[in-house]
Structures are given as C-alpha cells and as structure tokens.
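Asker: Below is my_file-v5.txt; it holds compact mmCIF, C-alpha atoms.
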# COMPACT_ATOMS: atom_id res chain seq x y z
CA MET A 1 -85.78 -165.08 -54.77
CA ALA A 2 -87.32 -168.48 -54.08
CA VAL A 3 -85.21 -171.59 -54.73
CA ALA A 4 -87.48 -172.81 -57.56
CA GLU A 5 -87.46 -169.36 -59.18
CA LYS A 6 -83.67 -169.14 -58.88
CA ALA A 7 -83.28 -172.59 -60.47
CA ARG A 8 -85.60 -171.52 -63.31
CA SER A 9 -83.59 -168.34 -63.77
CA THR A 10 -80.30 -170.27 -63.82
CA ARG A 11 -81.72 -172.77 -66.31
CA ARG A 12 -83.01 -169.94 -68.51
CA THR A 13 -79.57 -168.27 -68.46
CA GLU A 14 -77.97 -171.58 -69.45
CA LEU A 15 -80.54 -172.04 -72.21
CA ILE A 16 -79.84 -168.56 -73.62
CA ALA A 17 -76.08 -169.22 -73.62
CA VAL A 18 -76.55 -172.55 -75.41
CA ALA A 19 -78.92 -170.93 -77.91
CA ALA A 20 -76.34 -168.19 -78.57
CA ARG A 21 -73.67 -170.81 -79.26
CA LEU A 22 -75.84 -172.92 -81.54
CA PHE A 23 -77.37 -169.96 -83.40
CA SER A 24 -73.85 -168.60 -83.88
CA GLU A 25 -72.47 -171.91 -85.18
CA ARG A 26 -75.45 -173.12 -87.23
CA GLY A 27 -77.61 -170.06 -87.72
CA TYR A 28 -81.09 -169.57 -86.34
CA HIS A 29 -82.81 -171.59 -89.05
CA GLY A 30 -80.14 -174.29 -88.89
CA THR A 31 -80.79 -174.92 -85.19
CA SER A 32 -83.74 -177.07 -84.19
CA MET A 33 -85.45 -177.42 -80.85
CA GLN A 34 -84.05 -180.94 -80.81
CA ASP A 35 -80.52 -179.50 -81.17
CA LEU A 36 -81.17 -177.21 -78.22
CA GLY A 37 -82.57 -180.05 -76.14
CA ASP A 38 -79.63 -182.32 -77.00
CA ALA A 39 -77.10 -179.62 -76.10
CA LEU A 40 -78.79 -179.12 -72.74
CA GLY A 41 -79.39 -182.78 -72.09
CA ILE A 42 -83.14 -182.40 -71.80
CA GLN A 43 -86.09 -183.60 -73.85
CA ARG A 44 -87.30 -181.29 -76.59
CA GLY A 45 -90.72 -181.12 -74.98
CA SER A 46 -89.20 -180.02 -71.68
CA LEU A 47 -87.76 -176.94 -73.35
CA TYR A 48 -91.22 -175.44 -73.55
CA ALA A 49 -91.33 -175.29 -69.74
CA HIS A 50 -88.51 -172.72 -70.05
CA ILE A 51 -89.36 -170.89 -73.28
CA GLY A 52 -92.39 -170.05 -75.37
CA SER A 53 -90.70 -170.64 -78.72
CA LYS A 54 -87.37 -170.75 -80.48
CA GLU A 55 -87.99 -167.14 -81.52
CA ASP A 56 -88.26 -166.19 -77.83
CA LEU A 57 -84.73 -167.52 -77.37
CA LEU A 58 -83.49 -165.58 -80.38
CA LEU A 59 -85.05 -162.43 -78.97
CA ASP A 60 -83.42 -163.04 -75.57
CA VAL A 61 -79.98 -163.50 -77.14
CA VAL A 62 -80.35 -160.46 -79.39
CA GLU A 63 -81.84 -158.24 -76.69
CA GLU A 64 -79.07 -159.08 -74.24
CA GLY A 65 -76.57 -158.09 -76.92
CA ALA A 66 -78.37 -154.83 -77.67
CA ASP A 67 -78.56 -153.98 -73.97
CA ARG A 68 -74.85 -154.66 -73.44
CA PHE A 69 -73.89 -152.33 -76.29
CA LEU A 70 -76.34 -149.65 -75.13
CA ALA A 71 -75.00 -149.76 -71.57
CA ARG A 72 -71.38 -149.34 -72.70
CA GLY A 73 -72.44 -146.62 -75.14
CA ALA A 74 -74.20 -144.73 -72.35
CA GLU A 75 -71.05 -144.92 -70.21
CA ALA A 76 -68.95 -143.55 -73.07
CA VAL A 77 -71.25 -140.69 -74.05
CA GLU A 78 -71.60 -139.50 -70.44
CA LEU A 79 -67.85 -139.31 -69.77
CA ASP A 80 -66.64 -135.86 -68.79
CA ALA A 81 -63.98 -135.94 -71.49
CA PRO A 82 -63.24 -134.70 -75.01
CA ALA A 83 -65.11 -136.40 -77.86
CA SER A 84 -62.00 -138.30 -78.96
CA GLU A 85 -61.74 -139.89 -75.51
CA ARG A 86 -65.45 -140.73 -75.45
CA LEU A 87 -65.16 -142.26 -78.92
CA ARG A 88 -62.15 -144.28 -77.76
CA SER A 89 -64.13 -145.51 -74.76
CA LEU A 90 -67.06 -146.47 -76.97
CA LEU A 91 -64.91 -148.40 -79.46
CA VAL A 92 -62.94 -150.19 -76.74
CA GLY A 93 -66.20 -151.12 -75.02
CA HIS A 94 -67.73 -152.25 -78.31
CA VAL A 95 -64.82 -154.54 -79.13
CA GLU A 96 -64.67 -155.89 -75.57
CA ILE A 97 -68.37 -156.79 -75.66
CA ALA A 98 -68.14 -158.30 -79.14
CA THR A 99 -65.20 -160.49 -78.13
CA GLN A 100 -66.19 -161.40 -74.57
CA HIS A 101 -69.63 -162.49 -75.80
CA LEU A 102 -68.53 -163.78 -79.21
CA ASP A 103 -71.45 -166.17 -79.77
CA ALA A 104 -74.10 -163.71 -78.63
CA SER A 105 -72.50 -160.88 -80.64
CA THR A 106 -72.50 -163.02 -83.77
CA VAL A 107 -76.21 -163.70 -83.28
CA PHE A 108 -76.94 -160.06 -82.45
CA LEU A 109 -75.18 -158.85 -85.59
CA ASN A 110 -76.46 -161.53 -87.99
CA GLU A 111 -79.48 -163.49 -86.88
CA TRP A 112 -81.66 -160.67 -85.52
CA ARG A 113 -83.17 -160.19 -88.98
CA TYR A 114 -85.03 -163.49 -88.57
CA LEU A 115 -87.21 -162.08 -85.82
CA SER A 116 -90.85 -161.41 -86.71
CA PRO A 117 -91.46 -157.83 -87.94
CA GLU A 118 -92.69 -156.45 -84.59
CA LEU A 119 -89.75 -157.90 -82.65
CA ARG A 120 -87.32 -156.88 -85.38
CA ASP A 121 -88.64 -153.30 -85.13
CA HIS A 122 -88.08 -153.39 -81.37
CA ILE A 123 -84.45 -154.43 -81.84
CA GLN A 124 -83.97 -151.97 -84.71
CA GLU A 125 -85.02 -149.19 -82.34
CA LYS A 126 -82.25 -150.24 -79.93
CA ARG A 127 -79.74 -150.45 -82.76
CA ASP A 128 -80.76 -146.96 -83.89
CA ARG A 129 -80.35 -145.63 -80.34
CA TYR A 130 -76.83 -147.05 -80.20
CA GLU A 131 -75.95 -145.50 -83.55
CA GLY A 132 -77.37 -142.25 -82.16
CA VAL A 133 -74.86 -142.43 -79.31
CA VAL A 134 -72.00 -142.71 -81.81
CA ARG A 135 -73.36 -139.81 -83.84
CA ARG A 136 -73.77 -137.66 -80.73
CA ILE A 137 -70.13 -138.18 -79.75
CA ILE A 138 -68.93 -137.29 -83.24
CA ASP A 139 -71.30 -134.30 -83.43
CA ASP A 140 -70.03 -133.09 -80.05
CA GLY A 141 -66.47 -133.30 -81.38
CA VAL A 142 -67.39 -131.26 -84.45
CA ALA A 143 -69.24 -128.66 -82.35
CA ALA A 144 -66.24 -128.31 -80.01
CA GLY A 145 -63.84 -127.88 -82.92
CA GLU A 146 -62.07 -131.09 -81.98
CA PHE A 147 -63.22 -132.87 -85.15
CA ARG A 148 -63.29 -131.45 -88.67
CA ALA A 149 -66.29 -129.27 -89.53
CA ASP A 150 -66.80 -131.08 -92.86
CA VAL A 151 -67.27 -134.51 -91.28
CA ASP A 152 -70.26 -136.46 -92.58
CA ILE A 153 -71.50 -137.56 -89.17
CA ARG A 154 -73.75 -140.35 -90.43
CA PHE A 155 -70.96 -141.80 -92.58
CA ALA A 156 -68.41 -141.51 -89.78
CA ALA A 157 -70.77 -143.29 -87.37
CA THR A 158 -71.24 -146.08 -89.92
CA LEU A 159 -67.45 -146.45 -90.18
CA VAL A 160 -67.06 -146.62 -86.39
CA LEU A 161 -69.79 -149.25 -86.05
CA SER A 162 -68.52 -151.26 -89.01
CA ALA A 163 -65.02 -151.43 -87.53
CA GLY A 164 -66.36 -152.67 -84.21
CA ASN A 165 -69.02 -154.97 -85.62
CA TRP A 166 -66.78 -156.98 -87.92
CA THR A 167 -64.37 -157.86 -85.12
CA TYR A 168 -66.40 -160.99 -84.37
CA THR A 169 -65.53 -162.43 -87.81
CA TRP A 170 -61.77 -162.48 -87.35
CA TYR A 171 -61.07 -162.16 -83.62
CA ARG A 172 -59.65 -165.25 -81.93
CA PRO A 173 -58.91 -165.43 -78.21
CA GLY A 174 -55.22 -165.67 -77.47
CA GLY A 175 -54.16 -163.56 -80.47
CA ASN A 176 -51.44 -160.92 -80.45
CA LEU A 177 -53.77 -158.11 -79.34
CA THR A 178 -56.22 -157.97 -76.48
CA PRO A 179 -59.75 -156.71 -77.18
CA THR A 180 -58.85 -153.47 -75.42
CA GLU A 181 -55.77 -153.00 -77.62
CA ILE A 182 -57.85 -153.67 -80.74
CA GLY A 183 -60.42 -151.07 -79.69
CA GLU A 184 -57.68 -148.55 -78.92
CA ARG A 185 -56.07 -149.06 -82.33
CA PHE A 186 -59.43 -148.65 -84.06
CA ALA A 187 -60.06 -145.48 -82.07
CA GLU A 188 -56.65 -144.04 -82.89
CA LEU A 189 -57.18 -144.54 -86.62
CA VAL A 190 -60.72 -143.17 -86.55
CA THR A 191 -59.99 -140.13 -84.42
CA ARG A 192 -56.94 -139.22 -86.52
CA GLY A 193 -59.21 -139.17 -89.55
CA LEU A 194 -61.71 -136.94 -87.74
CA GLU A 195 -59.26 -134.48 -86.16
CA ALA A 196 -59.66 -130.83 -87.04
What's the structure tokens form of this structure?

Answerer:
Amino acid sequence: MAVAEKARSTRRTELIAVAARLFSERGYHGTSMQDLGDALGIQRGSLYAHIGSKEDLLLDVVEEGADRFLARGAEAVELDAPASERLRSLLVGHVEIATQHLDASTVFLNEWRYLSPELRDHIQEKRDRYEGVVRRIIDDGVAAGEFRADVDIRFAATLVLSAGNWTYTWYRPGGNLTPTEIGERFAELVTRGLEA
C-alpha cells in the first residue's frame, strides 16, 4: 500500500470512529458536517476529500457494525458443538461486540433507519442474515431434541437478539460484570428456557 493511500485509509478510519461517536451522542440528524470537521480538527470542506456525504459515513459505521455481528455469528453457527453451546458463543460474541464498539453499536442499532431506502434495504438484508443465524442455531437445537419441540423459533430469536441489542443502553465499562460474563448469563437464562 502506497504511503498516500495508507494515510488516506488511516484518516478514513479515524473519520468513521469520530462519526460513530458523534452519531451515537447526538444522533445522525443532530450531527453536522461542521461538527465532524471540528472533532477532527479539519475544515468542513476538507471532509469531502475523504467522504462523499454524511450518509456515506453513516453507511460505513452501520456496515462495519453489521459485518462484525455477521462474522461472530458465522463463527458461532459453524462450531462443532451442541446448539446450546453455539447459542452461548453467539450471545457472548454479540455482547462483546456491542460493548467493545459501544458508539458504533449504538449507531448500528438506532441510526441505520436514516439511510436512504436502497442503503437501508442493503443493511436490512444483513440484519436478516444475522437473525437467520440465530434461528438456525435454535432450529438445530429443536431438531436434535436439545431444545423443546414447541419452541416458536422466530420469537425465541427475537428474544435472543433483544437481550443482546439492548446491552448498549445500560452497559458501562468497569461494571461488576465483564461483557463475556454478561453474554454467558444471558445465554444461561435463554438456553434454560429452551431446554427440552
């Protein structure tokens, strides 16, 4: 990678992180290009050398979040383990991502709806794929007799995702539980409710 390209890439990464923080704190509509420029210490006009629009930044933040969740979901679903262990892995990974990337997760979970319809559809497809991973794990558990046969898989997947998603609203670094411990407690409660 050329030096100029690497500097551009580093600057873009910094810009995305700042956008995640500001969009998380102020909301997408509450953050101006001037706010972004001020936070980065560059002129508003110079931002356009790095981005096409504010929406491009929102898409970058949201897409990075979607890709992080999808990657951890893929790891969990491919484990050679019982469904309860795969579900535990997914929930622990979900909470770890949500807490390690708190600003970006907040934007991913809240501000994505402000994307234009075509971009929103693109992100919705990724969100649906991730929910599909959760459903597959639960369905596998039902099929193996590990989880109850009467489980409403769609509802159970919604519960799993809701537990993980809302962590960003109350989690504070330095609390009594680590992100891993939070995910493990969620998983224990969920899998006990699903057990055959």

Asker: So, counting only C-alpha atoms, which residue among A:Ala74, A:Arg86, A:Arg129, A:Val107 is closest to Ala17 in chain A?

Answerer: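 Checking each candidate against Ala17 in chain A, we get A:Val107 as the closest.
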
Asker: Quick one: distance from CA of Thr13 in chain A to CA of Thr99 in chain A in Å, one decimal?

Answerer: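 Between these atoms lies a distance of 19.0 Å.
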
Asker: Just the number, please: distance in Å from CA of Gly175 in chain A to CA of Tyr130 in chain A, one decimal.

Answerer: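 Taking CA of Gly175 in chain A as the start and CA of Tyr130 in chain A as the end point, the length is 28.0 Å.
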
Asker: Considering only C-alpha atoms, can you say which of A:Glu14, A:Glu184, A:Asp121, A:Glu195 comes closest to Ala149 in chain A?

Answerer: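 Ranked by minimum distance to Ala149 in chain A, first place goes to A:Glu195.
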
Asker: Within 9 Å of Gly65 in chain A, counting all atoms listed in the file, which residues show up once you throw out same-chain ones fewer than 5 positions away? Write them as a PDB file with C-alpha atoms, in the frame of the given file, please.

Answerer:
ATOM      1  CA  ASP A  60     -83.420-163.040 -75.570  1.00  0.00           C
ATOM      2  CA  LEU A  70     -76.340-149.650 -75.130  1.00  0.00           C
ATOM      3  CA  ILE A  97     -68.370-156.790 -75.660  1.00  0.00           C
ATOM      4  CA  ALA A  98     -68.140-158.300 -79.140  1.00  0.00           C
ATOM      5  CA  HIS A 101     -69.630-162.490 -75.800  1.00  0.00           C
ATOM      6  CA  ALA A 104     -74.100-163.710 -78.630  1.00  0.00           C
ATOM      7  CA  SER A 105     -72.500-160.880 -80.640  1.00  0.00           C
ATOM      8  CA  VAL A 107     -76.210-163.700 -83.280  1.00  0.00           C
ATOM      9  CA  PHE A 108     -76.940-160.060 -82.450  1.00  0.00           C
ATOM     10  CA  LEU A 109     -75.180-158.850 -85.590  1.00  0.00           C
TER      11      LEU A 109
END

Asker: Please, which residues in range 3-114 of chain A fall within 7 Å of range 136-144 of chain A when counting all atoms listed in the file, and what is the closest atom pair and distance in Å to one decimal for each, ordered by chain then residue number, as a Markdown table?

Answerer:
| residue | atom | partner | partner_atom | distance |
| --- | --- | --- | --- | --- |
| A:Val77 | CA | A:Ile137 | CA | 6.3 |
| A:Ala83 | CA | A:Gly141 | CA | 4.9 |
| A:Arg86 | CA | A:Ile137 | CA | 6.8 |
| A:Leu87 | CA | A:Ile137 | CA | 6.5 |

Asker: I need the residue nearest Glu131 in chain A from this list: A:Asn176, A:Ser53, A:Thr31, A:Asn165. Use all atoms listed in the file for the distance.

Answerer: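 Using all atoms listed in the file, Glu131 in chain A sits closest to A:Asn165.
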
Asker: List as number ranges by chain the protein and nucleic acid residues near range 55-58 of chain A, meaning an atom at most 8 Å away when all atoms listed in the file are counted, but skip any in the same chain fewer than 2 places from it.

Answerer: A: 16, 19-20, 28, 51-53, 60-62, 111-112, 115

Asker: So, with all atoms listed in the file as the atoms that count, which of A:Arg21, A:Arg148, A:Arg154, A:Arg113 lies closest to Ser84 in chain A?

Answerer: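 When distances to Ser84 in chain A are compared using all atoms listed in the file, the smallest one comes from A:Arg148.
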
Asker: Closest to Arg120 in chain A among A:Val151, A:Leu47, A:Val18, A:Leu59, using all atoms listed in the file?

Answerer: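 Looking at the shortest contact to Arg120 in chain A, the residue is A:Leu59.
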
Asker: Using all atoms listed in the file, pick whichever of A:Leu79, A:Ser46, A:Tyr114, A:Leu194 has the shortest atom-to-atom distance to Gly30 in chain A.

Answerer: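 Using all atoms listed in the file, Gly30 in chain A sits closest to A:Tyr114.
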
Asker: For the atom pair CA of Gly132 in chain A and CA of Leu161 in chain A, what is the interatomic distance in Å to one decimal place?

Answerer: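 Between these atoms lies a distance of 11.0 Å.
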
Asker: If you count all atoms listed in the file, which residues fall within 12 Å of Glu75 in chain A, apart from same-chain ones fewer than 5 positions away, as a compact mmCIF listing (two decimals) with C-alpha atoms, in the frame of the given file?

Answerer:
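To be explicit, this is the file written out as selection_13.txt:
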# COMPACT_ATOMS: atom_id res chain seq x y z
CA ARG A 68 -74.85 -154.66 -73.44
CA PHE A 69 -73.89 -152.33 -76.29
CA LEU A 70 -76.34 -149.65 -75.13
CA ASP A 80 -66.64 -135.86 -68.79
CA ALA A 81 -63.98 -135.94 -71.49
CA GLU A 85 -61.74 -139.89 -75.51
CA ARG A 86 -65.45 -140.73 -75.45
CA LEU A 87 -65.16 -142.26 -78.92
CA ARG A 88 -62.15 -144.28 -77.76
CA SER A 89 -64.13 -145.51 -74.76
CA LEU A 90 -67.06 -146.47 -76.97
CA LEU A 91 -64.91 -148.40 -79.46
CA VAL A 92 -62.94 -150.19 -76.74
CA GLY A 93 -66.20 -151.12 -75.02
CA HIS A 94 -67.73 -152.25 -78.31
CA TYR A 130 -76.83 -147.05 -80.20
CA VAL A 133 -74.86 -142.43 -79.31
CA VAL A 134 -72.00 -142.71 -81.81
CA ILE A 137 -70.13 -138.18 -79.75
